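Here is the file query.txt (compact mmCIF, C-alpha atoms).
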# COMPACT_ATOMS: atom_id res chain seq x y z
CA MET A 153 -255.37 -93.02 23.65
CA ASN A 154 -255.32 -89.25 23.62
CA ARG A 155 -258.68 -87.88 22.59
CA HIS A 156 -257.37 -84.33 22.27
CA PRO A 157 -254.29 -84.37 20.01
CA GLY A 158 -254.50 -80.63 19.53
CA SER A 159 -254.23 -80.11 23.27
CA LEU A 160 -251.12 -82.34 23.42
CA ALA A 161 -249.48 -80.40 20.57
CA CYS A 162 -250.17 -77.17 22.40
CA GLN A 163 -248.64 -78.56 25.60
CA ASN A 164 -245.54 -79.70 23.70
CA GLN A 165 -245.09 -76.23 22.26
CA ARG A 166 -245.09 -74.50 25.64
CA PRO A 167 -241.49 -75.45 26.53
CA ILE A 168 -240.39 -74.33 23.07
CA VAL A 169 -242.13 -70.99 23.45
CA ALA A 170 -240.62 -70.54 26.91
CA LEU A 171 -237.15 -71.39 25.60
CA ALA A 172 -237.55 -68.96 22.73
CA ALA A 173 -238.59 -66.23 25.15
CA LEU A 174 -235.58 -66.97 27.34
CA LEU A 175 -233.20 -66.87 24.39
CA MET A 176 -234.76 -63.62 23.23
CA SER A 177 -234.29 -62.03 26.67
CA VAL A 178 -230.65 -63.16 26.78
CA THR A 179 -230.07 -61.78 23.27
CA LEU A 180 -231.64 -58.44 24.14
CA ALA A 181 -229.64 -58.22 27.36
CA GLY A 182 -226.46 -59.01 25.48
CA THR A 183 -227.28 -56.37 22.87
CA ALA A 184 -227.89 -53.77 25.56
CA ASN A 185 -224.49 -54.49 27.11
CA ALA A 186 -222.58 -55.14 23.87
CA SER A 187 -219.18 -53.55 23.45
CA VAL A 188 -219.17 -50.66 21.00
CA SER A 189 -216.21 -49.11 19.19
CA ASN A 190 -215.52 -45.41 19.60
CA TYR A 191 -212.93 -43.72 17.39
CA TYR A 192 -211.11 -40.43 17.90
CA TYR A 193 -209.05 -38.92 15.09
CA PHE A 194 -206.02 -36.75 15.69
CA PRO A 195 -204.82 -34.01 15.57
CA THR A 196 -208.29 -32.56 16.14
CA ASN A 197 -209.39 -35.39 18.50
CA SER A 198 -212.72 -35.54 16.73
CA SER A 199 -215.10 -38.48 16.84
CA THR A 200 -216.24 -37.57 13.32
CA THR A 201 -214.39 -39.58 10.69
CA PRO A 202 -212.29 -37.26 8.46
CA THR A 203 -212.83 -37.64 4.74
CA ASN A 204 -209.27 -38.70 3.87
CA GLN A 205 -208.81 -41.60 6.30
CA PRO A 206 -207.26 -44.86 5.10
CA ALA A 207 -209.18 -48.13 5.10
CA TRP A 208 -208.42 -49.09 8.70
CA PRO A 209 -208.23 -52.85 9.42
CA THR A 210 -211.26 -54.63 10.79
CA ASP A 211 -210.94 -56.14 14.27
CA ALA A 212 -210.40 -59.58 12.72
CA GLN A 213 -207.55 -58.41 10.48
CA TRP A 214 -205.16 -57.33 13.22
CA THR A 215 -202.34 -59.79 13.99
CA ALA A 216 -200.51 -59.92 17.31
CA VAL A 217 -196.80 -59.12 17.41
CA PRO A 218 -195.78 -62.41 19.06
CA GLY A 219 -192.89 -61.29 21.24
CA LEU A 220 -194.87 -58.36 22.64
CA GLN A 221 -198.30 -59.96 22.78
CA THR A 222 -198.49 -60.30 26.55
CA ALA A 223 -195.83 -57.72 27.40
CA THR A 224 -196.69 -54.99 29.86
CA ALA A 225 -195.05 -51.92 31.35
CA THR A 226 -195.48 -50.03 34.58
CA SER A 227 -196.26 -46.33 34.61
CA SER A 228 -198.04 -44.22 37.18
CA ASN A 229 -199.90 -42.58 34.27
CA PRO A 230 -202.49 -44.94 32.75
CA GLU A 231 -202.34 -43.22 29.37
CA ASN A 232 -198.64 -44.20 29.23
CA ASP A 233 -199.00 -47.70 30.63
CA TYR A 234 -198.92 -50.54 28.09
CA LYS A 235 -201.22 -53.52 28.56
CA GLY A 236 -201.27 -56.93 26.90
CA SER A 237 -202.74 -60.42 27.13
CA VAL A 238 -203.24 -63.43 24.88
CA SER A 239 -206.82 -62.44 24.09
CA SER A 240 -206.05 -58.72 23.85
CA PRO A 241 -202.44 -58.22 22.64
CA ALA A 242 -200.31 -55.23 23.59
CA VAL A 243 -199.24 -54.69 19.97
CA GLN A 244 -200.86 -55.74 16.72
CA TRP A 245 -200.16 -55.01 13.06
CA TYR A 246 -201.60 -55.30 9.58
CA SER A 247 -200.38 -54.46 6.09
CA ASN A 248 -201.97 -54.08 2.68
CA ALA A 249 -200.78 -52.64 -0.62
CA THR A 250 -201.07 -49.03 0.51
CA TYR A 251 -200.53 -48.80 4.29
CA LEU A 252 -198.68 -50.41 7.17
CA TYR A 253 -200.76 -50.34 10.35
CA PHE A 254 -199.96 -50.74 14.05
CA ARG A 255 -202.24 -50.93 17.11
CA THR A 256 -200.93 -50.41 20.66
CA GLN A 257 -202.99 -51.07 23.80
CA LEU A 258 -202.84 -48.77 26.83
CA ARG A 259 -204.17 -49.26 30.35
CA TYR A 260 -206.26 -46.11 30.06
CA THR A 261 -209.81 -46.76 31.32
CA ALA A 262 -211.43 -43.32 31.19
CA GLN A 263 -213.69 -42.67 28.25
CA ILE A 264 -212.07 -40.23 25.85
CA ILE A 265 -214.14 -37.09 25.38
CA PRO A 266 -213.81 -35.46 21.96
CA ALA A 267 -211.82 -32.40 22.95
CA TYR A 268 -208.54 -31.03 21.76
CA ASN A 269 -205.47 -33.08 22.83
CA THR A 270 -207.31 -35.25 25.41
CA PRO A 271 -205.87 -37.28 27.15
CA PHE A 272 -202.30 -37.40 25.84
CA GLY A 273 -201.28 -33.79 26.47
CA ASN A 274 -197.51 -33.33 26.19
CA ASP A 275 -196.62 -37.00 25.77
CA VAL A 276 -194.64 -38.61 22.97
CA PHE A 277 -195.04 -42.18 21.69
CA PHE A 278 -192.27 -44.00 19.80
CA LEU A 279 -192.72 -47.00 17.52
CA MET A 280 -189.14 -47.99 16.71
CA VAL A 281 -188.15 -50.08 13.71
CA ASP A 282 -185.11 -52.32 13.36
CA LYS A 283 -184.45 -53.25 9.74
CA ALA A 284 -182.64 -56.58 9.86
CA SER A 285 -180.33 -55.81 6.93
CA THR A 286 -178.61 -52.91 8.73
CA THR A 287 -176.00 -53.09 11.48
CA GLN A 288 -177.58 -50.60 13.87
CA LYS A 289 -180.39 -51.69 16.16
CA ILE A 290 -182.78 -48.76 15.63
CA ASP A 291 -183.20 -47.48 12.09
CA TYR A 292 -186.32 -45.32 12.39
CA SER A 293 -189.02 -44.26 14.78
CA PHE A 294 -192.55 -43.31 13.83
CA SER A 295 -193.10 -40.83 16.66
CA TRP A 296 -196.32 -39.19 17.77
CA ASP A 297 -195.09 -35.97 19.38
CA VAL A 298 -198.39 -34.82 20.80
CA GLN A 299 -197.24 -31.44 22.23
CA ASN A 300 -200.91 -30.54 22.78
CA GLU A 301 -201.09 -30.68 18.97
CA GLN A 302 -200.29 -26.96 19.12
CA SER A 303 -199.08 -27.00 15.53
CA ILE A 304 -199.38 -30.01 13.26
CA SER A 305 -196.94 -28.31 10.89
CA ARG A 306 -194.26 -28.64 13.59
CA HIS A 307 -195.24 -31.65 15.71
CA GLY A 308 -197.70 -34.54 15.56
CA LEU A 309 -196.59 -37.62 13.59
CA GLU A 310 -192.86 -37.36 12.85
CA LEU A 311 -190.12 -39.49 11.33
CA ASN A 312 -187.11 -39.79 13.66
CA ARG A 313 -183.62 -41.23 13.36
CA PRO A 314 -181.39 -42.12 16.35
CA ILE A 315 -178.60 -39.66 17.11
CA ALA A 316 -176.07 -42.53 17.15
CA ASP A 317 -175.62 -46.04 15.75
CA TYR A 318 -176.95 -48.12 18.62
CA SER A 319 -176.23 -51.84 18.94
CA ASN A 320 -177.85 -54.73 20.81
CA THR A 321 -175.67 -53.98 23.84
CA THR A 322 -176.65 -50.30 24.08
CA VAL A 323 -178.84 -49.66 27.11
CA TRP A 324 -182.26 -48.14 26.57
CA SER A 325 -181.50 -45.14 28.77
CA ALA A 326 -178.85 -44.05 26.22
CA VAL A 327 -181.37 -43.70 23.37
CA GLN A 328 -182.21 -40.32 21.91
CA PHE A 329 -183.73 -39.26 18.58
CA ASP A 330 -183.43 -36.43 16.11
CA ASP A 331 -185.80 -35.50 13.31
CA ALA A 332 -185.12 -37.16 9.98
CA ASP A 333 -185.21 -33.67 8.42
CA LEU A 334 -182.68 -32.42 11.04
CA ASN A 335 -185.02 -29.53 11.85
CA ASN A 336 -186.69 -29.66 15.25
CA GLY A 337 -189.16 -26.86 14.61
CA GLN A 338 -190.48 -27.59 11.12
CA LYS A 339 -191.66 -30.46 8.96
CA LEU A 340 -189.26 -30.51 6.04
CA ILE A 341 -188.29 -33.28 3.62
CA PRO A 342 -188.35 -36.22 4.43
CA ASP A 343 -190.81 -35.81 7.34
CA PHE A 344 -194.43 -36.92 7.14
CA ASP A 345 -196.52 -34.89 4.66
CA SER A 346 -193.53 -32.82 3.51
CA LEU A 347 -192.40 -34.56 0.33
CA SER A 348 -194.06 -31.92 -1.82
CA GLY A 349 -191.40 -29.55 -0.49
CA SER A 350 -193.49 -28.02 2.28
CA PHE A 351 -195.79 -29.39 4.96
CA VAL A 352 -199.26 -30.35 3.74
CA SER A 353 -201.86 -30.55 6.53
CA THR A 354 -204.14 -32.71 4.38
CA GLY A 355 -201.40 -35.14 3.43
CA THR A 356 -201.91 -38.90 3.36
CA ASP A 357 -198.47 -40.07 4.56
CA GLY A 358 -199.58 -41.10 8.06
CA TYR A 359 -202.52 -41.12 10.46
CA ILE A 360 -203.14 -41.42 14.21
CA ARG A 361 -206.41 -42.70 15.67
CA ALA A 362 -207.47 -43.65 19.20
CA THR A 363 -209.89 -46.57 19.52
CA GLN A 364 -211.90 -47.51 22.60
CA PHE A 365 -214.14 -50.53 23.12
CA VAL A 366 -216.81 -49.51 25.61
CA THR A 367 -219.48 -51.61 27.32
CA GLY A 368 -222.06 -49.33 28.83
CA SER A 369 -219.96 -46.78 30.72
CA THR A 370 -217.00 -49.16 31.15
CA VAL A 371 -213.95 -48.84 28.90
CA ASP A 372 -212.76 -52.36 28.05
CA ASN A 373 -209.80 -51.44 25.84
CA THR A 374 -207.96 -48.30 24.72
CA TYR A 375 -205.70 -48.39 21.66
CA ILE A 376 -203.56 -46.00 19.66
CA ASP A 377 -203.76 -46.89 15.97
CA LEU A 378 -201.09 -45.80 13.48
CA ALA A 379 -201.18 -45.94 9.68
CA VAL A 380 -198.10 -45.24 7.56
CA SER A 381 -198.23 -45.08 3.78
CA TRP A 382 -196.00 -47.53 1.88
CA GLY A 383 -195.61 -44.85 -0.77
CA TYR A 384 -194.22 -42.49 1.85
CA LEU A 385 -191.90 -45.16 3.28
CA ALA A 386 -190.54 -45.90 -0.21
CA ALA A 387 -189.75 -42.20 -0.71
CA ALA A 388 -188.49 -41.30 2.76
CA THR A 389 -186.89 -44.51 4.08
CA SER A 390 -185.31 -47.75 2.90
CA LEU A 391 -188.23 -49.82 4.21
CA THR A 392 -190.22 -51.99 1.78
CA THR A 393 -192.84 -54.71 2.11
CA ALA A 394 -190.01 -57.25 1.74
CA ASP A 395 -188.76 -56.15 5.18
CA LEU A 396 -191.94 -57.33 6.94
CA SER A 397 -190.64 -60.89 7.26
CA THR A 398 -187.54 -59.79 9.21
CA MET A 399 -188.45 -56.38 10.64
CA GLN A 400 -188.45 -55.94 14.42
CA ILE A 401 -190.24 -53.26 16.41
CA ALA A 402 -190.17 -51.84 19.94
CA LEU A 403 -192.38 -49.31 21.70
CA ALA A 404 -191.75 -46.61 24.27
CA ASN A 405 -193.28 -43.36 25.41
CA ILE A 406 -192.33 -40.38 27.53
CA HIS A 407 -194.77 -38.57 29.78
CA SER A 408 -194.46 -34.78 29.39
CA GLY A 409 -191.61 -34.91 26.90
CA ASN A 410 -191.02 -34.62 23.18
CA ASP A 411 -189.41 -36.69 20.44
CA HIS A 412 -185.97 -35.27 21.27
CA THR A 413 -186.07 -35.96 25.00
CA ALA A 414 -183.26 -38.34 25.98
CA PHE A 415 -184.65 -41.55 27.40
CA LYS A 416 -182.48 -41.13 30.49
CA GLU A 417 -184.01 -37.72 31.19
CA GLY A 418 -187.70 -38.38 30.66
CA ALA A 419 -190.39 -40.35 32.45
CA ILE A 420 -189.78 -43.20 30.01
CA THR A 421 -191.96 -46.31 29.71
CA ILE A 422 -190.67 -49.12 27.46
CA LEU A 423 -192.88 -52.03 26.54
CA GLY A 424 -191.60 -55.34 27.90
CA THR A 425 -188.31 -54.07 29.35
CA THR A 426 -186.68 -51.38 31.50
CA PRO A 427 -184.45 -48.33 30.83
CA GLY A 428 -181.43 -50.11 32.34
CA SER A 429 -181.74 -53.12 30.02
CA THR A 430 -180.02 -53.51 26.65
CA LEU A 431 -181.70 -52.97 23.29
CA ASP A 432 -181.80 -56.69 22.54
CA THR A 433 -184.70 -56.71 25.02
CA GLY A 434 -187.90 -54.98 24.03
CA PHE A 435 -187.70 -55.71 20.29
CA SER A 436 -189.83 -58.36 18.61
CA PRO A 437 -190.21 -59.50 14.98
CA LEU A 438 -193.59 -58.91 13.40
CA ILE A 439 -193.60 -62.49 12.17
CA PRO A 440 -192.21 -65.40 14.21
CA GLU A 441 -189.14 -67.15 12.83
CA PRO A 442 -189.93 -70.42 11.00
CA THR A 443 -188.31 -72.49 13.78
CA ALA A 444 -190.51 -70.82 16.36
CA LEU A 445 -193.57 -71.47 14.23
CA VAL A 446 -192.71 -75.15 13.94
CA LEU A 447 -192.18 -75.51 17.69
CA LEU A 448 -195.39 -73.67 18.47
CA GLY A 449 -197.27 -75.79 15.96
CA LEU A 450 -195.94 -78.99 17.50
CA ALA A 451 -197.01 -77.72 20.89
CA GLY A 452 -200.51 -77.28 19.52
CA SER A 453 -200.51 -73.52 19.99
CA LEU A 454 -199.78 -71.51 16.87
CA VAL A 455 -199.40 -67.88 17.90
CA PHE A 456 -199.28 -66.40 14.40
CA THR A 457 -203.04 -66.14 14.04
CA ARG A 458 -205.26 -63.13 13.71
CA ARG A 459 -207.02 -62.34 16.95
CA ARG A 460 -209.96 -60.13 17.69
CA SER A 461 -209.29 -57.30 20.07
Starting from the coordinates I provided, produce the structure as structure tokens.
Amino acid sequence: MNRHPGSLACQNQRPIVALAALLMSVTLAGTANASVSNYYYFPTNSSTTPTNQPAWPTDAQWTAVPGLQTATATSSNPENDYKGSVSSPAVQWYSNATYLYFRTQLRYTAQIIPAYNTPFGNDVFFLMVDKASTTQKIDYSFSWDVQNEQSISRHGLELNRPIADYSNTTVWSAVQFDDADLNNGQKLIPDFDSLSGSFVSTGTDGYIRATQFVTGSTVDNTYIDLAVSWGYLAAATSLTTADLSTMQIALANIHSGNDHTAFKEGAITILGTTPGSTLDTGFSPLIPEPTALVLLGLAGSLVFTRRRS
């Protein structure tokens, strides 16, 4: 018989107190090393959020583009090198009533410093769209022609059209783009932020943002985020929300080039394929075909789920 029940209760509490202390230390350590999100807004490459930004998706809202989820590319320049895995897809997308969003992951591991045009310099990034109801393989490109952001009224985010009607059998090295407004030096109708008749630097047609997840001094992920207004797409293109179920996209970039540089002439990097391959490689639907969904579901691995970055 225990003559000191209070002493026994105290002894029983010691392991609990020790466990609580251990859990607290683990929690604090995890908090100290937690990944934080840093955002950089272009064209000014500022870490201060501009006042007219769209409602960017949360990390949980992004959905992987299935055919490009684990695709990679090889470039000697890390800011041009695509990176993808199951847990951290190469390309993701999201759509709401006002904007269509895309997120592309790069193998860039240096922390971006808020300074003009860092680190993308004279590069150009293409997000190409294939609208299933047309016969040509590339209908549009949302192109970020960085050009040191020397003049956002002439460069920056641009709407491009291919110079020819390319098909599935066209090789990637044959691709070249022209401006949708057919004017290489200005932003005229129907380019981004020009539908008022002249370029508007505070327009809301499209946005570019760089996102980095950083743990301590280590960069875990680097993304380029793109937002395109559905209102702009309705006015400047034939794309609608109904196209999301059949739309296909492909990504490429050119180091030290512009949005008119022929793919065969530039230091081209194409996600998931090579310049000598045909255009039927490199493109992926945003949403898997129903048959693919059924097969994946039967296999116990449904890819069309929203993943955290």
Kindly indicate which residue among A:Thr321, A:Gln263, A:Thr196, A:Gln205 lies nearest to Gly358 of chain A, using all atoms listed in the file for the distances.
->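 Ranking A:Thr321, A:Gln263, A:Thr196, A:Gln205 by distance to Gly358 of chain A, first place goes to A:Gln205.
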Find the spatial neighbours of Val298 of chain A, counting only C-alpha atoms, within a cut-off of 7 Å - ignore same-chain residues fewer than 2 positions away - and output them as an mmCIF file with C-alpha atoms, in the coordinates of the input.
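File written: result-v6.cif
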data_model
loop_
_atom_site.group_PDB
_atom_site.id
_atom_site.type_symbol
_atom_site.label_atom_id
_atom_site.label_comp_id
_atom_site.auth_asym_id
_atom_site.auth_seq_id
_atom_site.Cartn_x
_atom_site.Cartn_y
_atom_site.Cartn_z
ATOM 1 C CA PHE A 272 -202.300 -37.400 25.840
ATOM 2 C CA GLY A 273 -201.280 -33.790 26.470
ATOM 3 C CA ASN A 274 -197.510 -33.330 26.190
ATOM 4 C CA ASP A 275 -196.620 -37.000 25.770
ATOM 5 C CA VAL A 276 -194.640 -38.610 22.970
ATOM 6 C CA TRP A 296 -196.320 -39.190 17.770
ATOM 7 C CA ASN A 300 -200.910 -30.540 22.780
ATOM 8 C CA GLU A 301 -201.090 -30.680 18.970
ATOM 9 C CA HIS A 307 -195.240 -31.650 15.710
ATOM 10 C CA GLY A 308 -197.700 -34.540 15.560
#
Distance table requested - segment 244-341 of chain A against segment 374-385 of chain A, cut-off 8 Å, only C-alpha atoms: one row per qualifying residue with the closest atom pair and its distance in Å to one decimal, ordered by chain and rising residue number, as CSV.
residue,atom,partner,partner_atom,distance
A:Ala249,CA,A:Trp382,CA,7.4
A:Thr250,CA,A:Trp382,CA,5.5
A:Tyr251,CA,A:Ser381,CA,4.4
A:Leu252,CA,A:Val380,CA,5.2
A:Tyr253,CA,A:Ala379,CA,4.5
A:Phe254,CA,A:Leu378,CA,5.1
A:Arg255,CA,A:Asp377,CA,4.5
A:Thr256,CA,A:Ile376,CA,5.2
A:Gln257,CA,A:Tyr375,CA,4.4
A:Leu258,CA,A:Thr374,CA,5.6
A:Arg259,CA,A:Thr374,CA,6.9
A:Tyr260,CA,A:Thr374,CA,6.0
A:Thr261,CA,A:Thr374,CA,7.0
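The spacing separating atom CA of Thr426 of chain A from atom CA of Asp317 of chain A amounts to 20.0 Å.
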In terms of all atoms listed in the file, the residue from A:Asn336, A:Thr210, A:Ser369, A:Ser319 at minimal distance from Ala262 of chain A is A:Ser369
Separation of atom CA of Lys416 of chain A from atom CA of Asn232 of chain A in Å = 16.5 Å
Separation of atom CA of Asp291 of chain A and atom CA of Ser353 of chain A, in Å?
->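 Here the two named atoms are 25.8 Å from each other.
Closest approach to Thr222 of chain A from the set A:Ser240, A:Thr393, A:Ser346, A:Ser429 is made by A:Ser240, with distances taken over only C-alpha atoms.
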Closest of A:Met280, A:Ile422, A:Val327, A:Ile360 to Ala223 of chain A - atom-to-atom distances counting all atoms listed in the file | A:Ile422
Pick from A:Ile264, A:Glu231, A:Ala387, A:Gln288: nearest to Val371 of chain A, with all atoms listed in the file counted?
->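 Looking at the shortest contact to Val371 of chain A, the residue is A:Ile264.
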